[in-house]
>>> print(open('my_file28.pdb').read())   # PDB, C-alpha atoms and all ligand atoms
ATOM      1  CA  MET O   5      15.738 -33.782  18.402
ATOM      2  CA  GLY O   6      15.721 -30.283  19.306
ATOM      3  CA  ARG O   7      15.446 -26.777  18.132
ATOM      4  CA  LYS O   8      15.961 -23.652  20.121
ATOM      5  CA  ASP O   9      12.267 -22.848  20.244
ATOM      6  CA  LYS O  10      11.793 -25.952  22.302
ATOM      7  CA  HIS O  11      13.581 -24.478  25.244
ATOM      8  CA  LYS O  12      11.858 -21.215  25.467
ATOM      9  CA  HIS O  13       9.775 -22.769  28.250
ATOM     10  CA  LYS O  14      12.738 -23.442  30.366
ATOM     11  CA  HIS O  15      14.141 -20.116  31.483
ATOM     12  CA  ARG O  16      17.170 -21.781  32.990
ATOM     13  CA  LYS O  17      19.374 -19.353  34.847
ATOM     14  CA  LYS O  18      22.996 -19.506  33.904
ATOM     15  CA  LYS O  19      25.157 -20.017  36.951
ATOM     16  CA  GLU O  20      28.429 -18.146  36.716
ATOM     17  CA  LYS O  21      31.824 -19.183  38.018
ATOM     18  CA  ARG O  22      30.812 -22.545  39.331
ATOM     19  CA  LYS O  23      32.831 -25.636  38.665
ATOM     20  CA  SER O  24      30.985 -27.445  35.926
ATOM     21  CA  LYS O  25      29.475 -30.793  36.620
ATOM     22  CA  TYR O  26      30.054 -31.883  33.047
ATOM     23  CA  THR O  27      32.955 -32.555  30.710
ATOM     24  CA  ALA O  28      32.964 -34.530  27.470
ATOM     25  CA  ARG O  29      34.491 -37.449  29.354
ATOM     26  CA  THR O  30      31.991 -37.581  32.204
ATOM     27  CA  ALA O  31      28.745 -36.348  30.667
ATOM     28  CA  ASP O  32      25.906 -38.652  29.708
ATOM     29  CA  ARG O  33      24.511 -37.595  26.332
ATOM     30  CA  HIS O  34      20.967 -38.779  27.087
ATOM     31  CA  GLU O  35      20.915 -36.647  30.240
ATOM     32  CA  LEU O  36      22.131 -33.591  28.315
ATOM     33  CA  TYR O  37      19.592 -34.267  25.561
ATOM     34  CA  GLU O  38      16.733 -34.296  28.040
ATOM     35  CA  LEU O  39      17.961 -31.092  29.695
ATOM     36  CA  SER O  40      18.387 -29.312  26.352
ATOM     37  CA  VAL O  41      15.489 -30.483  24.276
ATOM     38  CA  GLN O  42      12.679 -31.997  26.234
ATOM     39  CA  ASN O  43      10.010 -30.476  28.390
ATOM     40  CA  VAL O  44       7.741 -33.395  29.117
ATOM     41  CA  GLU O  45       5.579 -31.555  31.661
ATOM     42  CA  GLU O  46       4.522 -29.036  28.996
ATOM     43  CA  GLU O  47       4.163 -31.811  26.428
ATOM     44  CA  ILE O  48       1.794 -33.794  28.622
ATOM     45  CA  LYS O  49      -0.221 -30.651  29.461
ATOM     46  CA  PHE O  50      -0.696 -30.028  25.740
ATOM     47  CA  LEU O  51      -1.755 -33.644  25.081
ATOM     48  CA  ASP O  52      -4.161 -33.561  27.983
ATOM     49  CA  LYS O  53      -5.795 -30.248  27.145
ATOM     50  CA  THR O  54      -6.055 -30.969  23.433
ATOM     51  CA  PHE O  55      -7.537 -34.438  23.880
ATOM     52  CA  ARG O  56     -10.153 -33.003  26.265
ATOM     53  CA  GLU O  57     -11.066 -30.333  23.737
ATOM     54  CA  VAL O  58     -11.395 -32.836  20.927
ATOM     55  CA  ARG O  59     -13.112 -35.715  22.766
ATOM     56  CA  GLY O  60     -14.727 -34.042  25.783
ATOM     57  CA  ARG O  61     -13.111 -36.410  28.267
ATOM     58  CA  PRO O  62      -9.623 -37.011  29.663
ATOM     59  CA  ALA O  63      -7.283 -39.373  27.839
ATOM     60  CA  LEU O  64      -6.174 -42.391  29.832
ATOM     61  CA  THR O  65      -3.903 -44.403  27.557
ATOM     62  CA  LEU O  66      -0.843 -43.142  25.708
ATOM     63  CA  ARG O  67       1.489 -44.762  23.234
ATOM     64  CA  GLU O  68       4.709 -42.762  22.944
ATOM     65  CA  ASP O  69       6.369 -43.564  19.623
ATOM     66  CA  PHE O  70      10.131 -42.968  19.162
ATOM     67  CA  ALA O  71      10.102 -42.853  22.951
ATOM     68  CA  GLY O  72      13.872 -42.742  23.447
ATOM     69  CA  THR O  73      14.469 -42.315  27.161
ATOM     70  CA  THR O  74      10.695 -42.797  27.866
ATOM     71  CA  ALA O  75      10.478 -39.520  29.779
ATOM     72  CA  ALA O  76       7.047 -38.553  28.416
ATOM     73  CA  ALA O  77       5.497 -41.970  29.049
ATOM     74  CA  CYS O  78       6.779 -41.884  32.653
ATOM     75  CA  GLU O  79       5.365 -38.396  33.159
ATOM     76  CA  TRP O  80       2.041 -39.676  31.800
ATOM     77  CA  VAL O  81       1.664 -42.477  34.355
ATOM     78  CA  ARG O  82       2.727 -40.118  37.157
ATOM     79  CA  ASN O  83      -0.111 -37.803  36.179
ATOM     80  CA  GLY O  84      -3.082 -39.982  37.082
ATOM     81  CA  VAL O  85      -3.789 -43.328  38.715
ATOM     82  CA  GLU O  86      -5.891 -44.504  35.789
ATOM     83  CA  ARG O  87      -3.257 -43.682  33.206
ATOM     84  CA  ARG O  88      -1.329 -46.291  31.243
ATOM     85  CA  ALA O  89       1.491 -45.863  28.756
ATOM     86  CA  TRP O  90       3.432 -47.849  26.192
ATOM     87  CA  ALA O  91       6.801 -46.469  25.154
ATOM     88  CA  VAL O  92       7.969 -47.779  21.777
ATOM     89  CA  ASP O  93      11.537 -47.470  20.519
ATOM     90  CA  ILE O  94      13.683 -49.558  18.209
ATOM     91  CA  ASP O  95      16.867 -49.119  20.254
ATOM     92  CA  PRO O  96      17.131 -51.422  23.289
ATOM     93  CA  LYS O  97      20.012 -49.398  24.734
ATOM     94  CA  VAL O  98      18.065 -46.148  25.020
ATOM     95  CA  LEU O  99      15.072 -48.009  26.482
ATOM     96  CA  GLU O 100      17.356 -49.587  29.076
ATOM     97  CA  TRP O 101      18.714 -46.140  29.959
ATOM     98  CA  GLY O 102      15.119 -44.933  30.364
ATOM     99  CA  ARG O 103      14.227 -47.925  32.520
ATOM    100  CA  LYS O 104      17.063 -47.182  34.944
ATOM    101  CA  ARG O 105      16.734 -43.406  34.913
ATOM    102  CA  HIS O 106      12.960 -42.979  34.898
ATOM    103  CA  VAL O 107      10.909 -46.171  35.194
ATOM    104  CA  GLU O 108      12.719 -47.493  38.253
ATOM    105  CA  LYS O 109      12.075 -44.196  40.020
ATOM    106  CA  LEU O 110       8.308 -44.623  39.668
ATOM    107  CA  SER O 111       6.383 -46.291  42.480
ATOM    108  CA  PRO O 112       5.753 -50.053  42.049
ATOM    109  CA  GLU O 113       2.107 -49.277  41.310
ATOM    110  CA  GLN O 114       3.072 -46.723  38.631
ATOM    111  CA  GLN O 115       5.564 -49.167  37.135
ATOM    112  CA  GLU O 116       2.703 -51.601  36.568
ATOM    113  CA  ARG O 117       1.022 -49.049  34.329
ATOM    114  CA  ILE O 118       3.931 -48.545  31.928
ATOM    115  CA  GLU O 119       5.434 -50.899  29.412
ATOM    116  CA  LEU O 120       8.599 -50.358  27.392
ATOM    117  CA  VAL O 121       8.281 -51.967  23.982
ATOM    118  CA  GLU O 122      11.315 -52.576  21.807
ATOM    119  CA  GLY O 123      10.227 -52.455  18.190
ATOM    120  CA  ASP O 124       9.817 -50.587  14.941
ATOM    121  CA  VAL O 125       6.928 -48.127  15.162
ATOM    122  CA  LYS O 126       5.915 -49.154  11.620
ATOM    123  CA  THR O 127       5.144 -52.714  12.670
ATOM    124  CA  THR O 128       4.728 -52.757  16.470
ATOM    125  CA  ASN O 129       1.278 -53.367  17.916
ATOM    126  CA  THR O 130       0.255 -52.287  21.404
ATOM    127  CA  PRO O 131      -3.154 -52.295  23.147
ATOM    128  CA  LEU O 132      -5.492 -49.756  21.516
ATOM    129  CA  ALA O 133      -4.795 -46.329  22.976
ATOM    130  CA  ASP O 134      -6.566 -42.976  23.342
ATOM    131  CA  LEU O 135      -3.443 -41.181  22.222
ATOM    132  CA  VAL O 136      -0.410 -41.890  20.077
ATOM    133  CA  VAL O 137       2.321 -39.243  20.010
ATOM    134  CA  ALA O 138       5.355 -38.814  17.799
ATOM    135  CA  PHE O 139       7.213 -35.782  19.107
ATOM    136  CA  ASN O 140      10.412 -33.971  18.368
ATOM    137  CA  PHE O 141       9.965 -34.590  14.650
ATOM    138  CA  SER O 142      11.152 -38.191  14.938
ATOM    139  CA  TYR O 143       8.989 -39.381  12.027
ATOM    140  CA  PHE O 144      11.060 -37.143   9.707
ATOM    141  CA  ILE O 145      13.341 -40.198   9.376
ATOM    142  CA  PHE O 146      10.721 -41.679   7.027
ATOM    143  CA  LYS O 147      11.704 -40.083   3.761
ATOM    144  CA  GLU O 148       9.294 -41.631   1.311
ATOM    145  CA  ARG O 149       5.633 -40.874   1.147
ATOM    146  CA  ALA O 150       4.693 -44.572   1.018
ATOM    147  CA  THR O 151       6.776 -45.311   4.133
ATOM    148  CA  LEU O 152       5.311 -42.400   6.046
ATOM    149  CA  ARG O 153       1.772 -43.407   5.052
ATOM    150  CA  HIS O 154       2.500 -46.966   6.141
ATOM    151  CA  TYR O 155       3.624 -45.637   9.542
ATOM    152  CA  PHE O 156       0.533 -43.450   9.880
ATOM    153  CA  GLU O 157      -1.686 -46.447   9.016
ATOM    154  CA  GLN O 158       0.015 -48.437  11.752
ATOM    155  CA  VAL O 159      -0.604 -45.612  14.248
ATOM    156  CA  ARG O 160      -4.282 -45.583  13.271
ATOM    157  CA  ARG O 161      -4.573 -49.360  13.780
ATOM    158  CA  ASN O 162      -3.257 -48.895  17.332
ATOM    159  CA  LEU O 163      -5.787 -46.220  18.312
ATOM    160  CA  ASN O 164      -9.201 -46.996  19.776
ATOM    161  CA  SER O 165     -12.341 -45.633  18.092
ATOM    162  CA  GLU O 166     -11.978 -42.264  19.870
ATOM    163  CA  GLY O 167      -8.218 -42.247  19.465
ATOM    164  CA  VAL O 168      -6.162 -39.216  18.453
ATOM    165  CA  PHE O 169      -2.666 -39.048  16.976
ATOM    166  CA  MET O 170      -0.575 -35.955  17.780
ATOM    167  CA  LEU O 171       2.679 -35.043  16.112
ATOM    168  CA  ASP O 172       4.841 -31.958  15.836
ATOM    169  CA  CYS O 173       6.410 -30.329  12.816
ATOM    170  CA  PHE O 174       8.732 -27.400  12.174
ATOM    171  CA  GLY O 175       9.516 -25.194   9.226
ATOM    172  CA  GLY O 176      10.029 -21.664   7.972
ATOM    173  CA  ALA O 177      12.912 -20.005   6.154
ATOM    174  CA  GLU O 178      15.420 -20.786   8.929
ATOM    175  CA  ALA O 179      14.612 -24.490   8.798
ATOM    176  CA  ILE O 180      16.399 -24.844   5.470
ATOM    177  CA  GLU O 181      19.369 -22.686   6.405
ATOM    178  CA  GLU O 182      22.690 -24.295   7.111
ATOM    179  CA  SER O 183      23.450 -22.916  10.558
ATOM    180  CA  GLU O 184      24.757 -23.730  14.029
ATOM    181  CA  GLU O 185      22.895 -22.358  16.972
ATOM    182  CA  GLU O 186      24.267 -22.368  20.509
ATOM    183  CA  THR O 187      22.097 -22.368  23.616
ATOM    184  CA  GLU O 188      23.647 -21.974  27.054
ATOM    185  CA  GLN O 189      22.426 -24.497  29.581
ATOM    186  CA  ASP O 190      23.409 -24.536  33.260
ATOM    187  CA  ASP O 191      26.701 -26.343  32.874
ATOM    188  CA  PHE O 192      27.201 -26.861  29.159
ATOM    189  CA  THR O 193      26.274 -25.488  25.745
ATOM    190  CA  TYR O 194      23.743 -27.218  23.535
ATOM    191  CA  VAL O 195      24.441 -26.800  19.819
ATOM    192  CA  TRP O 196      21.788 -27.419  17.164
ATOM    193  CA  ASP O 197      23.592 -27.854  13.857
ATOM    194  CA  GLN O 198      21.624 -27.782  10.618
ATOM    195  CA  ASP O 199      24.491 -29.185   8.618
ATOM    196  CA  SER O 200      23.060 -29.454   5.129
ATOM    197  CA  PHE O 201      19.836 -29.086   3.221
ATOM    198  CA  ASP O 202      19.170 -30.599  -0.186
ATOM    199  CA  PRO O 203      16.137 -29.027  -1.857
ATOM    200  CA  ILE O 204      15.667 -31.847  -4.367
ATOM    201  CA  GLY O 205      14.886 -34.437  -1.720
ATOM    202  CA  ALA O 206      14.097 -31.942   1.079
ATOM    203  CA  ASN O 207      16.817 -33.799   2.977
ATOM    204  CA  LEU O 208      17.907 -32.030   6.138
ATOM    205  CA  MET O 209      20.969 -33.353   7.945
ATOM    206  CA  CYS O 210      21.237 -32.154  11.546
ATOM    207  CA  HIS O 211      23.431 -32.864  14.538
ATOM    208  CA  ILE O 212      23.417 -32.100  18.220
ATOM    209  CA  HIS O 213      26.765 -31.229  19.800
ATOM    210  CA  PHE O 214      27.548 -30.476  23.421
ATOM    211  CA  HIS O 215      30.356 -28.111  24.473
ATOM    212  CA  PHE O 216      31.666 -27.899  28.020
ATOM    213  CA  PRO O 217      33.226 -25.144  30.151
ATOM    214  CA  ASP O 218      36.604 -26.948  30.226
ATOM    215  CA  GLY O 219      36.760 -26.686  26.418
ATOM    216  CA  SER O 220      35.930 -30.327  25.766
ATOM    217  CA  LYS O 221      33.181 -31.225  23.289
ATOM    218  CA  ILE O 222      30.953 -34.072  22.292
ATOM    219  CA  ARG O 223      30.499 -33.488  18.572
ATOM    220  CA  LYS O 224      27.650 -35.357  16.864
ATOM    221  CA  ALA O 225      26.177 -36.656  20.102
ATOM    222  CA  TYR O 226      23.096 -37.226  17.944
ATOM    223  CA  SER O 227      22.655 -37.066  14.178
ATOM    224  CA  TYR O 228      19.439 -36.849  12.222
ATOM    225  CA  ASP O 229      19.052 -37.618   8.543
ATOM    226  CA  TRP O 230      15.606 -36.216   7.893
ATOM    227  CA  ARG O 231      13.150 -35.229   5.250
ATOM    228  CA  LEU O 232      11.655 -31.859   6.044
ATOM    229  CA  TRP O 233       7.967 -32.592   5.495
ATOM    230  CA  THR O 234       5.508 -29.733   5.058
ATOM    231  CA  LEU O 235       2.167 -29.351   6.816
ATOM    232  CA  PRO O 236       0.042 -29.817   3.664
ATOM    233  CA  GLU O 237       1.931 -32.998   2.754
ATOM    234  CA  LEU O 238       1.446 -34.363   6.264
ATOM    235  CA  ARG O 239      -2.248 -33.548   6.272
ATOM    236  CA  GLU O 240      -2.756 -35.237   2.924
ATOM    237  CA  ILE O 241      -0.862 -38.368   3.945
ATOM    238  CA  LEU O 242      -2.742 -38.610   7.257
ATOM    239  CA  VAL O 243      -6.046 -38.427   5.359
ATOM    240  CA  GLU O 244      -4.795 -41.069   2.914
ATOM    241  CA  ALA O 245      -3.923 -43.242   5.911
ATOM    242  CA  GLY O 246      -7.566 -43.074   6.984
ATOM    243  CA  PHE O 247      -7.663 -40.330   9.622
ATOM    244  CA  ARG O 248     -11.081 -38.678   9.564
ATOM    245  CA  LYS O 249     -10.139 -35.191  10.680
ATOM    246  CA  VAL O 250      -6.690 -33.603  10.628
ATOM    247  CA  THR O 251      -6.205 -30.211  12.287
ATOM    248  CA  VAL O 252      -3.133 -28.007  12.456
ATOM    249  CA  TYR O 253      -2.555 -26.214  15.777
ATOM    250  CA  TRP O 254      -0.656 -22.981  15.166
ATOM    251  CA  GLU O 255       1.023 -20.825  17.808
ATOM    252  CA  GLY O 256      -0.597 -17.545  18.835
ATOM    253  CA  HIS O 257       1.356 -14.394  19.662
ATOM    254  CA  ASP O 258       1.432 -11.662  22.268
ATOM    255  CA  GLU O 259       1.080  -7.908  21.635
ATOM    256  CA  ASP O 260       4.763  -7.680  20.621
ATOM    257  CA  GLY O 261       4.276 -10.368  17.998
ATOM    258  CA  GLU O 262       6.251 -12.959  19.988
ATOM    259  CA  GLY O 263       5.026 -16.559  20.127
ATOM    260  CA  ASN O 264       2.981 -17.164  23.291
ATOM    261  CA  ASP O 265       3.196 -20.966  23.497
ATOM    262  CA  ILE O 266      -0.561 -21.251  23.028
ATOM    263  CA  TYR O 267      -1.470 -23.467  20.082
ATOM    264  CA  GLU O 268      -4.932 -23.289  18.563
ATOM    265  CA  PRO O 269      -6.601 -24.854  15.525
ATOM    266  CA  ALA O 270      -5.887 -22.751  12.423
ATOM    267  CA  GLU O 271      -6.420 -22.872   8.690
ATOM    268  CA  ARG O 272      -3.876 -20.166   7.891
ATOM    269  CA  GLY O 273      -0.502 -19.360   9.428
ATOM    270  CA  ASP O 274       1.960 -16.516   8.984
ATOM    271  CA  SER O 275       5.399 -16.573   7.432
ATOM    272  CA  ASP O 276       7.306 -17.113  10.659
ATOM    273  CA  PRO O 277      10.977 -17.845   9.893
ATOM    274  CA  ALA O 278      11.111 -20.595  12.559
ATOM    275  CA  TRP O 279       7.773 -22.085  13.466
ATOM    276  CA  ILE O 280       6.727 -25.197  15.333
ATOM    277  CA  ALA O 281       3.202 -26.544  14.913
ATOM    278  CA  TYR O 282       1.218 -29.553  16.100
ATOM    279  CA  ILE O 283      -0.999 -31.801  14.037
ATOM    280  CA  VAL O 284      -3.968 -33.459  15.652
ATOM    281  CA  ALA O 285      -5.338 -36.395  13.648
ATOM    282  CA  GLU O 286      -8.588 -37.984  14.764
ATOM    283  CA  ARG O 287      -9.042 -41.644  14.006
TER     284      ARG O 287
HETATM  285  C1  LIG W 301      14.872 -37.968  18.363
HETATM  286  S1  LIG W 301      14.659 -39.337  19.420
HETATM  287  C2  LIG W 301      13.151 -38.880  20.142
HETATM  288  C3  LIG W 301      13.167 -38.886  21.625
HETATM  289  C4  LIG W 301      11.911 -38.367  22.314
HETATM  290  N1  LIG W 301      10.689 -38.957  21.819
HETATM  291  C5  LIG W 301      11.800 -36.861  22.241
HETATM  292  O1  LIG W 301      10.697 -36.364  22.055
HETATM  293  O2  LIG W 301      12.769 -36.144  22.394
HETATM  294  C6  LIG W 301      14.287 -40.517  18.186
HETATM  295  C7  LIG W 301      14.145 -41.960  18.693
HETATM  296  O3  LIG W 301      13.514 -42.718  17.652
HETATM  297  C8  LIG W 301      14.015 -44.044  17.690
HETATM  298  N2  LIG W 301      13.680 -44.660  16.407
HETATM  299  C9  LIG W 301      14.213 -44.406  15.193
HETATM  300  N3  LIG W 301      13.608 -45.148  14.255
HETATM  301  C10 LIG W 301      12.643 -45.875  14.872
HETATM  302  C11 LIG W 301      11.668 -46.810  14.426
HETATM  303  N4  LIG W 301      11.533 -47.131  13.144
HETATM  304  N5  LIG W 301      10.853 -47.356  15.346
HETATM  305  C12 LIG W 301      10.962 -47.025  16.661
HETATM  306  N6  LIG W 301      11.861 -46.143  17.133
HETATM  307  C13 LIG W 301      12.691 -45.570  16.258
HETATM  308  C14 LIG W 301      15.482 -43.861  18.005
HETATM  309  O4  LIG W 301      16.024 -45.042  18.580
HETATM  310  C15 LIG W 301      15.465 -42.669  18.979
HETATM  311  O5  LIG W 301      15.459 -43.101  20.309
END
>>> encode(input="my_file28.pdb", output="structure tokens", more="lines below")
Ligand SMILES: C[S@@+](CC[C@H](N)C(=O)[O-])C[C@H]1O[C@@H](n2cnc3c(N)ncnc32)[C@H](O)[C@@H]1O
Amino acid sequence: MGRKDKHKHKHRKKKEKRKSKYTARTADRHELYELSVQNVEEEIKFLDKTFREVRGRPALTLREDFAGTTAAACEWVRNGVERRAWAVDIDPKVLEWGRKRHVEKLSPEQQERIELVEGDVKTTNTPLADLVVAFNFSYFIFKERATLRHYFEQVRRNLNSEGVFMLDCFGGAEAIEESEEETEQDDFTYVWDQDSFDPIGANLMCHIHFHFPDGSKIRKAYSYDWRLWTLPELREILVEAGFRKVTVYWEGHDEDGEGNDIYEPAERGDSDPAWIAYIVAER
């Protein structure tokens, strides 16, 4: 999934008057998704730094839940010869895409340290890991408290005794607004569409569209039928699932009040209209 805040790291320069590489007919939606939404280098840096702060040693093993194209898991094994990763996703097609695009580009030795696992994150078991991550709000697909708790319990069972679960969350007034937001990428436009919000169920329906310079479009390249969980709900459910310590990491700001991409443990936040936060749950 993606929200505009996710690309503030990227600073991609728009190239003018160049024939675009992409049209709706030729573009690959997974490639555009990765370019628009993901920044796995920054993600892995955050996991690394935060695990060190919490446990006083580097993390070696990572389970990436809702792994999709497996980009984060591949970045993990590239980052250290002792590192192993398991990438779990329910969709064999996206895992296959990831295998061709990312895994097969790793060295044979690196490929031995990564495993793609097709399965439901609620029931899949993998070797006990230092870290489990669920990023880009993927767990928002679990709409009932009991289902979400069941998933969190399964995560906990797959962590070793020093294991840590990290997940992201977003919110603020703009999160419940029905809006379409366009972000220019190099050769296409990424559109984040918050299509509808239902306050009774906190159901948020979102889509990703891609628009191209030749006027063609891929509408609904991805659709997300989510429950917009709040931080206190998530903390409570993680504690109910057995996690011993659950900390919210909130973004700091610079002297102009702009977010500075530095996330620190916090007990109080401010009423940012579009915030992203991380939750760090210690087994
Ligand atoms: C939004 S993508 C996340 C991709 C990537 N992790 C990221 O950070 O951008 C969500 C992925 O979750 C997968 N998924 C949905 N339900 C799942 C489940 N119950 N178990 C495992 N994977 C699931 C989908 O197949 C999809 O690839």
>>> resolve_selection(input="my_file28.pdb", expression="the PyMOL selection byres (((not hetatm)) within 6 of (chain W and resi 301))", output="ChimeraX atom specification")
/O:5,42,70-72,92-95,123-125,139-140,142
>>> write_last_selection(input="my_file28.pdb", atoms="C-alpha atoms", output="PDB file, keeping the file's coordinate frame")
ATOM      1  CA  MET O   5      15.738 -33.782  18.402  1.00  0.00           C
ATOM      2  CA  GLN O  42      12.679 -31.997  26.234  1.00  0.00           C
ATOM      3  CA  PHE O  70      10.131 -42.968  19.162  1.00  0.00           C
ATOM      4  CA  ALA O  71      10.102 -42.853  22.951  1.00  0.00           C
ATOM      5  CA  GLY O  72      13.872 -42.742  23.447  1.00  0.00           C
ATOM      6  CA  VAL O  92       7.969 -47.779  21.777  1.00  0.00           C
ATOM      7  CA  ASP O  93      11.537 -47.470  20.519  1.00  0.00           C
ATOM      8  CA  ILE O  94      13.683 -49.558  18.209  1.00  0.00           C
ATOM      9  CA  ASP O  95      16.867 -49.119  20.254  1.00  0.00           C
ATOM     10  CA  GLY O 123      10.227 -52.455  18.190  1.00  0.00           C
ATOM     11  CA  ASP O 124       9.817 -50.587  14.941  1.00  0.00           C
ATOM     12  CA  VAL O 125       6.928 -48.127  15.162  1.00  0.00           C
ATOM     13  CA  PHE O 139       7.213 -35.782  19.107  1.00  0.00           C
ATOM     14  CA  ASN O 140      10.412 -33.971  18.368  1.00  0.00           C
ATOM     15  CA  SER O 142      11.152 -38.191  14.938  1.00  0.00           C
TER      16      SER O 142
END
>>> resolve_selection(input="my_file28.pdb", expression="the PyMOL selection byres (((chain O and resi 287) around 9) and not hetatm)", output="VMD selection string")
chain O and resid 160 to 161 163 to 169 246 to 249 285 to 286
>>> atom_distance(input="my_file28.pdb", atom1="atom CA of Lys97 of chain O", atom2="atom CA of Ser227 of chain O")
16.4 Å
>>> resolve_selection(input="my_file28.pdb", expression="the PyMOL selection byres (((chain O and resi 257) around 12) and not hetatm)", output="VMD selection string")
chain O and resid 254 to 256 258 to 268 273 to 274 276 279
>>> residues_near_point(input="my_file28.pdb", point="(3.0, -29.7, 29.7)", cutoff="12 Å", atoms="all atoms listed in the file", output="PDB file with C-alpha atoms, keeping the file's coordinate frame")
ATOM      1  CA  HIS O  13       9.775 -22.769  28.250  1.00  0.00           C
ATOM      2  CA  LYS O  14      12.738 -23.442  30.366  1.00  0.00           C
ATOM      3  CA  GLN O  42      12.679 -31.997  26.234  1.00  0.00           C
ATOM      4  CA  ASN O  43      10.010 -30.476  28.390  1.00  0.00           C
ATOM      5  CA  VAL O  44       7.741 -33.395  29.117  1.00  0.00           C
ATOM      6  CA  GLU O  45       5.579 -31.555  31.661  1.00  0.00           C
ATOM      7  CA  GLU O  46       4.522 -29.036  28.996  1.00  0.00           C
ATOM      8  CA  GLU O  47       4.163 -31.811  26.428  1.00  0.00           C
ATOM      9  CA  ILE O  48       1.794 -33.794  28.622  1.00  0.00           C
ATOM     10  CA  LYS O  49      -0.221 -30.651  29.461  1.00  0.00           C
ATOM     11  CA  PHE O  50      -0.696 -30.028  25.740  1.00  0.00           C
ATOM     12  CA  LEU O  51      -1.755 -33.644  25.081  1.00  0.00           C
ATOM     13  CA  ASP O  52      -4.161 -33.561  27.983  1.00  0.00           C
ATOM     14  CA  LYS O  53      -5.795 -30.248  27.145  1.00  0.00           C
ATOM     15  CA  THR O  54      -6.055 -30.969  23.433  1.00  0.00           C
ATOM     16  CA  ALA O  76       7.047 -38.553  28.416  1.00  0.00           C
ATOM     17  CA  GLU O  79       5.365 -38.396  33.159  1.00  0.00           C
ATOM     18  CA  TRP O  80       2.041 -39.676  31.800  1.00  0.00           C
ATOM     19  CA  ASN O  83      -0.111 -37.803  36.179  1.00  0.00           C
ATOM     20  CA  ASP O 265       3.196 -20.966  23.497  1.00  0.00           C
ATOM     21  CA  ILE O 266      -0.561 -21.251  23.028  1.00  0.00           C
TER      22      ILE O 266
END
>>> closest_residue(input="my_file28.pdb", among="O:Leu66, O:Ile204, O:Val195, O:Leu238", to="Tyr143 of chain O", atoms="all atoms listed in the file")
O:Leu238
>>> closest_residue(input="my_file28.pdb", among="O:Val41, O:Ile283, O:Leu232, O:Ala133", to="Leu171 of chain O", atoms="all atoms listed in the file")
O:Ile283
>>> closest_residue(input="my_file28.pdb", among="O:Phe201, O:Trp233, O:Phe192, O:Tyr226", to="Thr27 of chain O", atoms="all atoms listed in the file")
O:Phe192
>>> closest_residue(input="my_file28.pdb", among="O:Cys173, O:Val136, O:Leu36, O:Ile212", to="Tyr155 of chain O", atoms="only C-alpha atoms")
O:Val136
>>> residues_around(input="my_file28.pdb", residues="Glu186 of chain O", least_positions_apart="5", cutoff="10 Å", atoms="only C-alpha atoms", output="JSON, numbers by chain")
{"O": [8, 193, 194, 195, 196, 197, 213, 214, 215]}
>>> residues_near_point(input="my_file28.pdb", point="(22.5, -26.4, 32.1)", cutoff="8 Å", atoms="all atoms listed in the file", output="PyMOL selection string")
chain O and resi 16+18+39-40+188-193
>>> atom_distance(input="my_file28.pdb", atom1="atom CA of Glu185 of chain O", atom2="atom CA of Thr234 of chain O")
22.3 Å
>>> atom_distance(input="my_file28.pdb", atom1="atom CA of Gln114 of chain O", atom2="atom CA of Val98 of chain O")
20.3 Å
>>> axis_aligned_box(input="my_file28.pdb", around="segment 33-39 of chain O", padding_each_side="4 Å", output="AutoDock Vina command-line options")
--center_x 20.6 --center_y -34.9 --center_z 27.9 --size_x 15.8 --size_y 15.7 --size_z 12.7
>>> build_atoms(input="my_file28.pdb", residues="segment 130-136 of chain O", atoms="N, CA, C and O atoms", output="mmCIF file, in the frame of the given file")
data_model
loop_
_atom_site.group_PDB
_atom_site.id
_atom_site.type_symbol
_atom_site.label_atom_id
_atom_site.label_comp_id
_atom_site.auth_asym_id
_atom_site.auth_seq_id
_atom_site.Cartn_x
_atom_site.Cartn_y
_atom_site.Cartn_z
ATOM 1 N N THR O 130 0.413 -52.450 19.960
ATOM 2 C CA THR O 130 0.255 -52.287 21.404
ATOM 3 C C THR O 130 -1.259 -52.275 21.656
ATOM 4 O O THR O 130 -2.034 -52.113 20.702
ATOM 5 N N PRO O 131 -1.711 -52.409 22.900
ATOM 6 C CA PRO O 131 -3.154 -52.295 23.147
ATOM 7 C C PRO O 131 -3.696 -50.961 22.616
ATOM 8 O O PRO O 131 -2.990 -49.946 22.645
ATOM 9 N N LEU O 132 -4.944 -50.961 22.150
ATOM 10 C CA LEU O 132 -5.492 -49.756 21.516
ATOM 11 C C LEU O 132 -5.513 -48.595 22.508
ATOM 12 O O LEU O 132 -5.990 -48.727 23.628
ATOM 13 N N ALA O 133 -5.006 -47.458 22.067
ATOM 14 C CA ALA O 133 -4.795 -46.329 22.976
ATOM 15 C C ALA O 133 -5.689 -45.146 22.609
ATOM 16 O O ALA O 133 -6.153 -45.015 21.469
ATOM 17 N N ASP O 134 -5.896 -44.262 23.603
ATOM 18 C CA ASP O 134 -6.566 -42.976 23.342
ATOM 19 C C ASP O 134 -5.667 -42.071 22.515
ATOM 20 O O ASP O 134 -6.138 -41.311 21.665
ATOM 21 N N LEU O 135 -4.378 -42.126 22.827
ATOM 22 C CA LEU O 135 -3.443 -41.181 22.222
ATOM 23 C C LEU O 135 -2.204 -41.898 21.710
ATOM 24 O O LEU O 135 -1.655 -42.746 22.426
ATOM 25 N N VAL O 136 -1.768 -41.525 20.518
ATOM 26 C CA VAL O 136 -0.410 -41.890 20.077
ATOM 27 C C VAL O 136 0.308 -40.574 19.810
ATOM 28 O O VAL O 136 -0.264 -39.663 19.197
#
